[in-house]
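final-v1.cif follows; it contains mmCIF, C-alpha atoms and all ligand atoms.
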data_coords
loop_
_atom_site.label_atom_id
_atom_site.label_comp_id
_atom_site.auth_asym_id
_atom_site.auth_seq_id
_atom_site.Cartn_x
_atom_site.Cartn_y
_atom_site.Cartn_z
CA MET A 26 69.99 91.22 28.18
CA THR A 27 66.76 90.63 30.00
CA ASN A 28 66.78 89.73 33.68
CA THR A 29 65.19 86.40 32.86
CA PHE A 30 67.93 85.54 30.36
CA VAL A 31 70.63 86.43 32.93
CA ARG A 32 68.89 84.27 35.52
CA VAL A 33 68.73 81.33 33.10
CA LEU A 34 72.41 81.75 32.26
CA THR A 35 73.29 81.85 35.97
CA VAL A 36 71.34 78.67 36.61
CA VAL A 37 73.09 76.95 33.69
CA PHE A 38 76.53 78.00 34.97
CA VAL A 39 75.73 76.86 38.51
CA CYS A 40 74.48 73.51 37.19
CA LEU A 41 77.61 73.03 35.08
CA HIS A 42 79.78 73.85 38.06
CA VAL A 43 77.90 71.41 40.31
CA LEU A 44 78.18 68.70 37.62
CA ALA A 45 81.91 69.33 37.29
CA VAL A 46 82.42 69.07 41.05
CA MET A 47 80.27 65.93 41.26
CA GLY A 48 82.13 64.45 38.32
CA SER A 49 85.52 64.90 39.92
CA ALA A 50 84.25 63.65 43.29
CA ALA A 51 82.80 60.52 41.70
CA ASP A 52 86.03 59.84 39.81
CA GLY A 53 88.09 60.43 42.94
CA ALA A 54 89.89 63.71 43.49
CA VAL A 55 93.08 62.54 41.79
CA ASN A 56 93.30 60.18 38.82
CA VAL A 57 96.35 57.97 39.30
CA VAL A 58 97.71 55.55 36.70
CA THR A 59 100.42 53.10 37.77
CA SER A 60 102.45 50.68 35.68
CA THR A 61 101.90 47.71 38.03
CA PRO A 62 99.35 46.46 40.60
CA GLU A 63 101.90 46.65 43.47
CA LEU A 64 102.24 50.40 42.93
CA ALA A 65 98.44 50.71 42.66
CA SER A 66 98.07 48.96 46.02
CA ILE A 67 100.49 51.38 47.71
CA VAL A 68 98.85 54.40 46.02
CA ARG A 69 95.49 53.20 47.37
CA TYR A 70 96.94 53.05 50.89
CA VAL A 71 98.60 56.49 50.82
CA GLY A 72 95.94 58.22 48.69
CA GLY A 73 92.93 56.71 50.49
CA SER A 74 89.61 58.29 49.53
CA LYS A 75 91.31 61.12 47.59
CA VAL A 76 92.42 58.94 44.67
CA SER A 77 91.10 56.64 42.01
CA VAL A 78 93.79 54.24 40.80
CA TYR A 79 94.29 52.18 37.67
CA SER A 80 97.16 49.79 36.89
CA ILE A 81 98.12 49.25 33.25
CA ALA A 82 99.76 45.85 33.83
CA ARG A 83 97.21 43.28 34.97
CA PRO A 84 98.02 40.79 37.73
CA ASP A 85 99.96 37.78 36.42
CA GLN A 86 101.13 39.61 33.31
CA ASP A 87 104.91 39.54 32.75
CA TYR A 88 105.77 43.18 33.47
CA HIS A 89 108.70 43.06 31.08
CA LEU A 90 106.35 42.18 28.19
CA VAL A 91 103.27 44.38 28.64
CA GLU A 92 101.60 45.45 25.40
CA PRO A 93 99.57 48.57 26.19
CA ARG A 94 96.08 49.01 24.70
CA PRO A 95 94.68 52.17 23.06
CA SER A 96 92.44 52.65 26.11
CA ASP A 97 95.60 53.01 28.23
CA VAL A 98 96.50 56.14 26.23
CA SER A 99 93.21 57.79 27.19
CA ARG A 100 93.73 56.73 30.82
CA ILE A 101 97.06 58.56 30.83
CA ALA A 102 95.60 61.53 28.94
CA ARG A 103 93.15 61.96 31.86
CA ALA A 104 95.68 61.22 34.65
CA ASP A 105 96.80 63.69 37.29
CA LEU A 106 99.60 61.41 38.51
CA VAL A 107 101.56 58.58 36.89
CA VAL A 108 103.63 56.19 39.02
CA ARG A 109 106.10 53.80 37.44
CA VAL A 110 108.53 51.10 38.66
CA GLY A 111 111.31 52.51 36.47
CA LEU A 112 114.64 50.93 35.48
CA ASP A 113 113.86 48.74 32.47
CA LEU A 114 110.74 47.03 33.81
CA ASP A 115 108.14 49.38 32.31
CA LEU A 116 109.92 50.97 29.36
CA TRP A 117 106.64 50.46 27.47
CA LEU A 118 105.19 53.30 29.57
CA ASP A 119 107.27 55.89 27.69
CA ALA A 120 105.43 55.24 24.41
CA LEU A 121 102.14 55.68 26.28
CA LEU A 122 103.28 58.95 27.88
CA ASN A 123 104.34 60.26 24.46
CA ALA A 124 101.07 59.23 22.81
CA ALA A 125 98.94 60.72 25.60
CA ALA A 126 100.87 64.05 25.52
CA ASN A 127 99.49 65.02 28.92
CA PRO A 128 101.75 67.81 30.27
CA LYS A 129 100.68 67.09 33.88
CA VAL A 130 102.34 63.66 33.93
CA ARG A 131 105.24 64.18 31.51
CA ARG A 132 108.65 63.04 32.80
CA GLY A 133 109.93 65.69 35.20
CA SER A 134 106.56 67.35 35.81
CA ALA A 135 104.71 67.45 39.15
CA GLY A 136 102.49 64.49 38.27
CA TYR A 137 105.31 62.10 37.34
CA VAL A 138 106.66 59.66 39.94
CA ASP A 139 109.51 57.24 39.33
CA ALA A 140 109.10 54.96 42.36
CA SER A 141 112.71 53.73 42.07
CA ARG A 142 114.11 57.10 43.19
CA GLY A 143 116.26 56.48 46.27
CA ILE A 144 116.35 52.69 45.85
CA ASP A 145 119.72 50.98 46.37
CA ARG A 146 119.86 49.10 43.05
CA MET A 147 121.23 45.57 42.87
CA GLU A 148 123.00 43.87 39.98
CA VAL A 149 123.74 47.02 37.98
CA PRO A 150 125.76 45.74 35.00
CA LYS A 151 129.38 46.77 34.92
CA GLY A 152 130.66 47.97 31.57
CA LYS A 153 128.71 48.26 28.37
CA VAL A 154 125.48 46.31 27.86
CA THR A 155 125.08 45.43 24.21
CA GLY A 156 121.76 43.63 24.55
CA ALA A 157 123.14 41.16 22.02
CA SER A 158 122.38 38.24 24.31
CA GLY A 159 118.77 39.40 24.72
CA ASP A 160 119.23 39.95 28.45
CA ILE A 161 116.96 42.25 30.36
CA HIS A 162 117.58 44.07 33.71
CA ILE A 163 119.98 46.39 31.86
CA TYR A 164 119.85 49.17 34.51
CA GLY A 165 120.08 46.76 37.44
CA ASN A 166 117.46 44.41 38.86
CA PRO A 167 114.07 46.19 38.67
CA HIS A 168 112.18 43.86 41.06
CA TYR A 169 113.01 45.98 44.12
CA TYR A 170 109.34 46.12 45.20
CA TYR A 171 109.50 42.57 46.62
CA ASP A 172 111.61 43.96 49.50
CA PRO A 173 109.15 45.34 52.08
CA LEU A 174 111.64 47.99 53.25
CA ASN A 175 111.85 49.28 49.69
CA ALA A 176 108.05 49.62 49.81
CA LYS A 177 108.59 52.38 52.36
CA ILE A 178 110.73 54.29 49.81
CA ILE A 179 108.07 53.68 47.13
CA ALA A 180 105.37 54.97 49.51
CA ARG A 181 107.49 58.05 50.23
CA ASN A 182 107.86 58.82 46.51
CA ILE A 183 104.10 58.36 46.05
CA TYR A 184 103.33 60.55 49.07
CA GLU A 185 105.51 63.33 47.66
CA GLY A 186 103.85 63.04 44.24
CA LEU A 187 100.33 63.16 45.70
CA THR A 188 101.28 66.18 47.80
CA ARG A 189 102.60 67.98 44.70
CA VAL A 190 99.32 67.56 42.82
CA LEU A 191 96.98 68.01 45.81
CA GLU A 192 98.80 70.32 48.20
CA GLY A 193 95.72 70.97 50.31
CA ASP A 194 95.61 67.31 51.41
CA LYS A 195 99.24 67.04 52.51
CA GLU A 196 98.34 66.20 56.11
CA TYR A 197 95.93 63.47 55.05
CA PHE A 198 98.55 61.83 52.78
CA GLN A 199 101.22 62.20 55.45
CA LYS A 200 99.07 60.41 58.03
CA ASN A 201 98.42 57.53 55.60
CA TYR A 202 102.10 57.35 54.64
CA ASN A 203 103.09 57.18 58.33
CA ASN A 204 100.53 54.40 58.88
CA PHE A 205 101.94 52.49 55.93
CA VAL A 206 105.47 52.71 57.36
CA ASP A 207 104.24 51.57 60.79
CA GLU A 208 102.35 48.65 59.26
CA ILE A 209 105.43 47.54 57.28
CA ASP A 210 107.58 47.74 60.44
CA ARG A 211 105.03 45.75 62.43
CA HIS A 212 104.80 43.02 59.78
CA MET A 213 108.54 43.03 59.25
CA LYS A 214 109.20 41.73 62.77
CA ALA A 215 106.96 38.71 62.18
CA TRP A 216 108.33 38.09 58.68
CA GLN A 217 111.94 38.23 59.96
CA GLN A 218 111.09 35.77 62.72
CA LYS A 219 109.54 33.30 60.28
CA LEU A 220 112.57 33.31 57.99
CA ALA A 221 115.28 33.64 60.67
CA PRO A 222 115.81 29.84 61.02
CA HIS A 223 116.68 29.68 57.31
CA LYS A 224 119.44 32.33 57.18
CA GLY A 225 122.05 31.58 54.53
CA LYS A 226 120.10 28.74 52.89
CA PRO A 227 120.20 28.58 49.06
CA VAL A 228 117.14 29.26 46.90
CA VAL A 229 116.39 28.72 43.20
CA THR A 230 113.68 30.73 41.39
CA TYR A 231 112.44 30.80 37.78
CA HIS A 232 113.29 34.43 36.93
CA LYS A 233 115.76 36.59 38.84
CA SER A 234 112.97 38.43 40.62
CA ALA A 235 113.79 37.62 44.25
CA SER A 236 117.20 39.31 44.67
CA TYR A 237 115.96 42.09 46.97
CA PHE A 238 113.70 39.77 48.98
CA ILE A 239 116.51 37.22 49.41
CA ARG A 240 118.99 39.89 50.51
CA ARG A 241 116.52 41.42 52.97
CA PHE A 242 115.83 38.12 54.71
CA GLY A 243 119.42 36.88 54.71
CA LEU A 244 118.87 33.97 52.32
CA ARG A 245 121.23 33.03 49.48
CA TYR A 246 120.44 33.09 45.74
CA PHE A 247 121.69 29.84 44.23
CA ASP A 248 120.47 30.19 40.62
CA GLN A 249 117.43 30.58 38.34
CA LEU A 250 115.78 28.29 35.80
CA GLU A 251 116.31 31.06 33.24
CA PRO A 252 120.03 31.06 32.34
CA ASN A 253 119.87 34.89 32.16
CA PRO A 254 116.97 37.25 32.95
CA GLY A 255 114.45 37.04 30.11
CA ILE A 256 116.12 34.06 28.41
CA PRO A 257 113.92 30.94 28.59
CA PRO A 258 115.34 27.82 30.27
CA SER A 259 117.48 25.66 27.97
CA PRO A 260 117.93 21.89 28.32
CA SER A 261 121.69 22.28 28.96
CA HIS A 262 121.20 24.91 31.67
CA ILE A 263 118.47 22.83 33.33
CA SER A 264 120.51 19.61 33.36
CA GLN A 265 123.52 21.43 34.84
CA LEU A 266 121.27 23.07 37.42
CA ILE A 267 119.80 19.68 38.44
CA ARG A 268 123.31 18.28 38.89
CA ARG A 269 124.50 21.27 40.93
CA MET A 270 121.36 21.29 43.12
CA LYS A 271 121.93 17.61 43.93
CA GLU A 272 125.66 18.08 44.61
CA GLU A 273 125.11 21.06 46.89
CA ASN A 274 121.95 19.73 48.51
CA VAL A 275 119.74 22.66 47.40
CA LYS A 276 116.14 21.99 48.48
CA ALA A 277 114.29 25.27 47.87
CA LEU A 278 112.72 25.93 44.46
CA VAL A 279 110.30 28.87 44.36
CA VAL A 280 108.42 29.68 41.13
CA GLU A 281 106.74 33.00 40.39
CA SER A 282 103.09 32.40 39.41
CA ILE A 283 103.37 33.65 35.80
CA TYR A 284 105.83 31.03 34.57
CA PRO A 285 105.09 27.67 32.93
CA LYS A 286 105.39 24.62 35.17
CA ARG A 287 107.13 22.25 32.73
CA PHE A 288 110.71 23.00 33.85
CA PRO A 289 109.88 23.41 37.57
CA ASP A 290 108.12 19.99 37.44
CA LEU A 291 111.16 18.43 35.79
CA VAL A 292 113.71 19.96 38.19
CA ALA A 293 111.64 19.07 41.27
CA ARG A 294 111.21 15.47 40.08
CA GLU A 295 114.90 15.00 39.24
CA VAL A 296 116.20 16.65 42.43
CA GLY A 297 113.54 14.93 44.55
CA ILE A 298 111.95 18.04 46.08
CA LYS A 299 108.61 19.84 46.06
CA TYR A 300 108.51 23.40 44.73
CA GLN A 301 106.43 26.36 45.90
CA VAL A 302 104.59 28.94 43.76
CA VAL A 303 104.60 32.61 44.84
CA PRO A 304 102.22 35.33 43.59
CA TYR A 305 103.88 37.46 40.91
CA SER A 306 101.52 40.39 41.48
CA VAL A 307 99.13 41.87 43.96
CA GLY A 308 96.01 40.16 42.61
CA SER A 309 97.74 36.82 41.88
CA MET A 310 96.71 33.78 43.93
CA GLY A 311 93.98 35.68 45.77
CA THR A 312 96.22 38.42 47.19
CA LYS A 313 94.50 41.77 47.58
CA THR A 314 97.12 44.13 49.02
CA TYR A 315 100.88 44.63 49.05
CA PHE A 316 100.90 43.15 52.57
CA ASP A 317 99.12 39.99 51.35
CA LEU A 318 101.70 39.66 48.58
CA ILE A 319 104.72 39.75 50.90
CA GLU A 320 103.00 37.65 53.57
CA THR A 321 102.43 34.93 50.95
CA TRP A 322 106.02 35.18 49.72
CA VAL A 323 107.30 34.74 53.28
CA ASP A 324 105.06 31.73 53.93
CA LYS A 325 105.91 30.03 50.62
CA PHE A 326 109.64 30.58 51.12
CA VAL A 327 109.33 29.09 54.62
CA ASN A 328 107.53 26.06 53.13
CA ALA A 329 110.24 25.68 50.47
CA LEU A 330 113.06 25.97 53.03
CA ASP A 331 111.58 23.81 55.83
ZN ZN B 1 112.81 40.82 35.59
#

Since I need it in another form, could you write the structure as C-alpha cells?
Ligand SMILES: [Zn+2]
Amino acid sequence: MTNTFVRVLTVVFVCLHVLAVMGSAADGAVNVVTSTPELASIVRYVGGSKVSVYSIARPDQDYHLVEPRPSDVSRIARADLVVRVGLDLDLWLDALLNAAANPKVRRGSAGYVDASRGIDRMEVPKGKVTGASGDIHIYGNPHYYYDPLNAKIIARNIYEGLTRVLEGDKEYFQKNYNNFVDEIDRHMKAWQQKLAPHKGKPVVTYHKSASYFIRRFGLRYFDQLEPNPGIPPSPSHISQLIRRMKEENVKALVVESIYPKRFPDLVAREVGIKYQVVPYSVGSMGTKTYFDLIETWVDKFVNALD
C-alpha cells in the first residue's frame, strides 16, 4: 500500500469514528423506550442529559388498550433500555420485544426494567382468574404509579437499570435519583396537608385507577362507574350506584381524563354534585412532569371532597 492510500484510509476511519460519536451524542447517550409517559418523565429526571426517552403509549391513551405501531418495533430494536409498568397494564409490550429481537432489552437482560419490582401490589385476585368476565387487573391493580411514594421505587428501578447500561455514569444517575427522592418527600408534605382534612371520606372514580393514591392519602374507595375494571358502565350498575351515593351521602366523583363524560354527567346530575376530571397521563390537561400530574390529582381530589 502506498503511504497516500494509508493516509486516506486513516482519515476515513477517523471521520467515521467522529460521526459515530457525534451520532450517539446527538441521540443521547442511552436510548430509552418506556411503555407510558409517567415512566418517561421519571427516566428524564434520573437520566438527565445522558438519555433520550420515548414513550410508546401517548398521553390520554388507555394503557390497557394500546395498539403498537410498526415504528415502535424499530424504536425497541434501537433501544439500550426498556422500562415497563408491568403487571397486566402493558402486556402489549411483549409482542414488541419479540418482534424487535434486541438482545440488550430482552426480559432478564441488563437493559430490561420492570418498574413494578418491589411494589406492594393491591387487589391481587385470590384463586383462579378465568378472564371469562372480561376483567382486567389480573395480577393485581397495575396503577401503582399514581402513589408518589411508589414513584420512588420506580425511580430506584430506573436508576439501577441506567447504571447497568452506563456504569461510568453511576454517580450522575445516583445524584439525580437522590434529588428525585428529596423532591417527592418535599412535595409529599404539602400534598398530605392538603388532603388531611378529608381523611376517610368516600370517593367514586370511573376506572379503578386510584386505589394506591386513595390508600396513600387515607381516603376511602366507595366504587367505580365501571362495574369491574375494563367493563363499561351498565345502566343497572349506574342506577344502583346513584341510589347508594345518595343514601350514603357520597359527594366526590373524580373522572380520569380518558373516559367519556356521558355517565359522569348523568351520575353528577342525579346525585346533585359536581365532578372533577384528573389527568390520566403526564401530558394530559397540560401536565408536563410526574410532579405536575400528582399535584393536579391532589388539587382535583381536594375540589371534589370540599
Ligand atoms: Zn386499569

Sorted by chain and rising residue number, list the residues of range 47-134 of chain A at most 12 Å from range 237-255 of chain A (counting all atoms listed in the file), each with its closest atom pair and distance in Å to one decimal, as CSV.
residue,atom,partner,partner_atom,distance
A:Asp87,CA,A:Gly255,CA,10.2
A:Tyr88,CA,A:Gly255,CA,11.2
A:His89,CA,A:Gly255,CA,8.4
A:Leu90,CA,A:Gly255,CA,9.8
A:Asp113,CA,A:Pro254,CA,11.9
A:Leu114,CA,A:Gly255,CA,11.3

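With only C-alpha atoms as the atoms that count, the residue of A:Leu191, A:Ala176, A:Met270, A:Ile101 with the shortest distance to Asp210 in chain A is A:Ala176.
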
Could you give me, as a tab-separated table, a per-residue list for chain A showing, wherever an atom lies at most 12 Å from an atom of ligand ZN 1 (chain B), the closest pair of atoms and their distance in Å to one decimal, using all atoms listed in the file and sorting by chain then residue number from low to high?
residue	atom	partner	partner_atom	distance
A:Gln86	CA	B:ZN1	ZN	12.0
A:Asp87	CA	B:ZN1	ZN	8.5
A:Tyr88	CA	B:ZN1	ZN	7.7
A:His89	CA	B:ZN1	ZN	6.5
A:Leu90	CA	B:ZN1	ZN	9.9
A:Val110	CA	B:ZN1	ZN	11.6
A:Gly111	CA	B:ZN1	ZN	11.8
A:Leu112	CA	B:ZN1	ZN	10.3
A:Asp113	CA	B:ZN1	ZN	8.6
A:Leu114	CA	B:ZN1	ZN	6.8
A:Asp115	CA	B:ZN1	ZN	10.3
A:Glu148	CA	B:ZN1	ZN	11.5
A:Asp160	CA	B:ZN1	ZN	9.6
A:Ile161	CA	B:ZN1	ZN	6.8
A:His162	CA	B:ZN1	ZN	6.1
A:Ile163	CA	B:ZN1	ZN	9.8
A:Tyr164	CA	B:ZN1	ZN	11.0
A:Gly165	CA	B:ZN1	ZN	9.6
A:Asn166	CA	B:ZN1	ZN	6.7
A:Pro167	CA	B:ZN1	ZN	6.3
A:His168	CA	B:ZN1	ZN	6.3
A:Tyr169	CA	B:ZN1	ZN	10.0
A:Tyr170	CA	B:ZN1	ZN	11.5
A:Tyr171	CA	B:ZN1	ZN	11.6
A:Thr230	CA	B:ZN1	ZN	11.7
A:Tyr231	CA	B:ZN1	ZN	10.3
A:His232	CA	B:ZN1	ZN	6.5
A:Lys233	CA	B:ZN1	ZN	6.1
A:Ser234	CA	B:ZN1	ZN	5.6
A:Ala235	CA	B:ZN1	ZN	9.3
A:Ser236	CA	B:ZN1	ZN	10.2
A:Tyr237	CA	B:ZN1	ZN	11.9
A:Gln249	CA	B:ZN1	ZN	11.6
A:Glu251	CA	B:ZN1	ZN	10.6
A:Asn253	CA	B:ZN1	ZN	9.8
A:Pro254	CA	B:ZN1	ZN	6.1
A:Gly255	CA	B:ZN1	ZN	6.9
A:Ile256	CA	B:ZN1	ZN	10.4
A:Glu281	CA	B:ZN1	ZN	11.0
A:Ile283	CA	B:ZN1	ZN	11.9
A:Tyr305	CA	B:ZN1	ZN	10.9

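We find CA of Pro173 in chain A and CA of Leu116 in chain A to be spaced 23.4 Å apart.
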
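The two atoms in question, CA of Thr61 in chain A and CA of Asp290 in chain A, are spaced 28.4 Å apart.
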
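Taking all atoms listed in the file into account, Glu273 in chain A lies nearest to A:Pro227 out of the set A:Pro260, A:Val91, A:Pro227, A:Phe316.
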
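All residues of protein, DNA or RNA that reach within 9 Å of Phe326 in chain A, judged by all atoms listed in the file and not counting those fewer than 6 positions away in the chain, are A:Leu220, A:Val228, A:Ala277, A:Leu278, A:Val279, A:Gln301, A:Val303.
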
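The two atoms in question, CA of His223 in chain A and CA of Tyr300 in chain A, are spaced 16.3 Å apart.
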
Selection near Pro62 in chain A, 7 Å with only C-alpha atoms, sequence-local residues under 5 positions removed, as a PyMOL selection string: chain A and resi 80+82-84+306-307

Residue selection dump (C-alpha atoms) as a PDB file, in the coordinates of the input:
ATOM      1  CA  SER A  80      97.160  49.790  36.890  1.00  0.00           C
ATOM      2  CA  ALA A  82      99.760  45.850  33.830  1.00  0.00           C
ATOM      3  CA  ARG A  83      97.210  43.280  34.970  1.00  0.00           C
ATOM      4  CA  PRO A  84      98.020  40.790  37.730  1.00  0.00           C
ATOM      5  CA  SER A 306     101.520  40.390  41.480  1.00  0.00           C
ATOM      6  CA  VAL A 307      99.130  41.870  43.960  1.00  0.00           C
TER       7      VAL A 307
END

Excluding Leu106 in chain A and its own-chain neighbours fewer than 5 positions away, which residues fall within 7 Å of it when counting all atoms listed in the file? Please give them as a PDB file with C-alpha atoms, in the frame of the given file.
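File result-v1.pdb, as written:
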ATOM      1  CA  ASN A  56      93.300  60.180  38.820  1.00  0.00           C
ATOM      2  CA  VAL A  57      96.350  57.970  39.300  1.00  0.00           C
ATOM      3  CA  VAL A  58      97.710  55.550  36.700  1.00  0.00           C
ATOM      4  CA  VAL A 130     102.340  63.660  33.930  1.00  0.00           C
ATOM      5  CA  GLY A 136     102.490  64.490  38.270  1.00  0.00           C
ATOM      6  CA  TYR A 137     105.310  62.100  37.340  1.00  0.00           C
TER       7      TYR A 137
END

Option closest in space to Glu92 in chain A, from A:Leu64, A:Leu121, A:Ser77, A:Asn201 [counting all atoms listed in the file]: A:Leu121
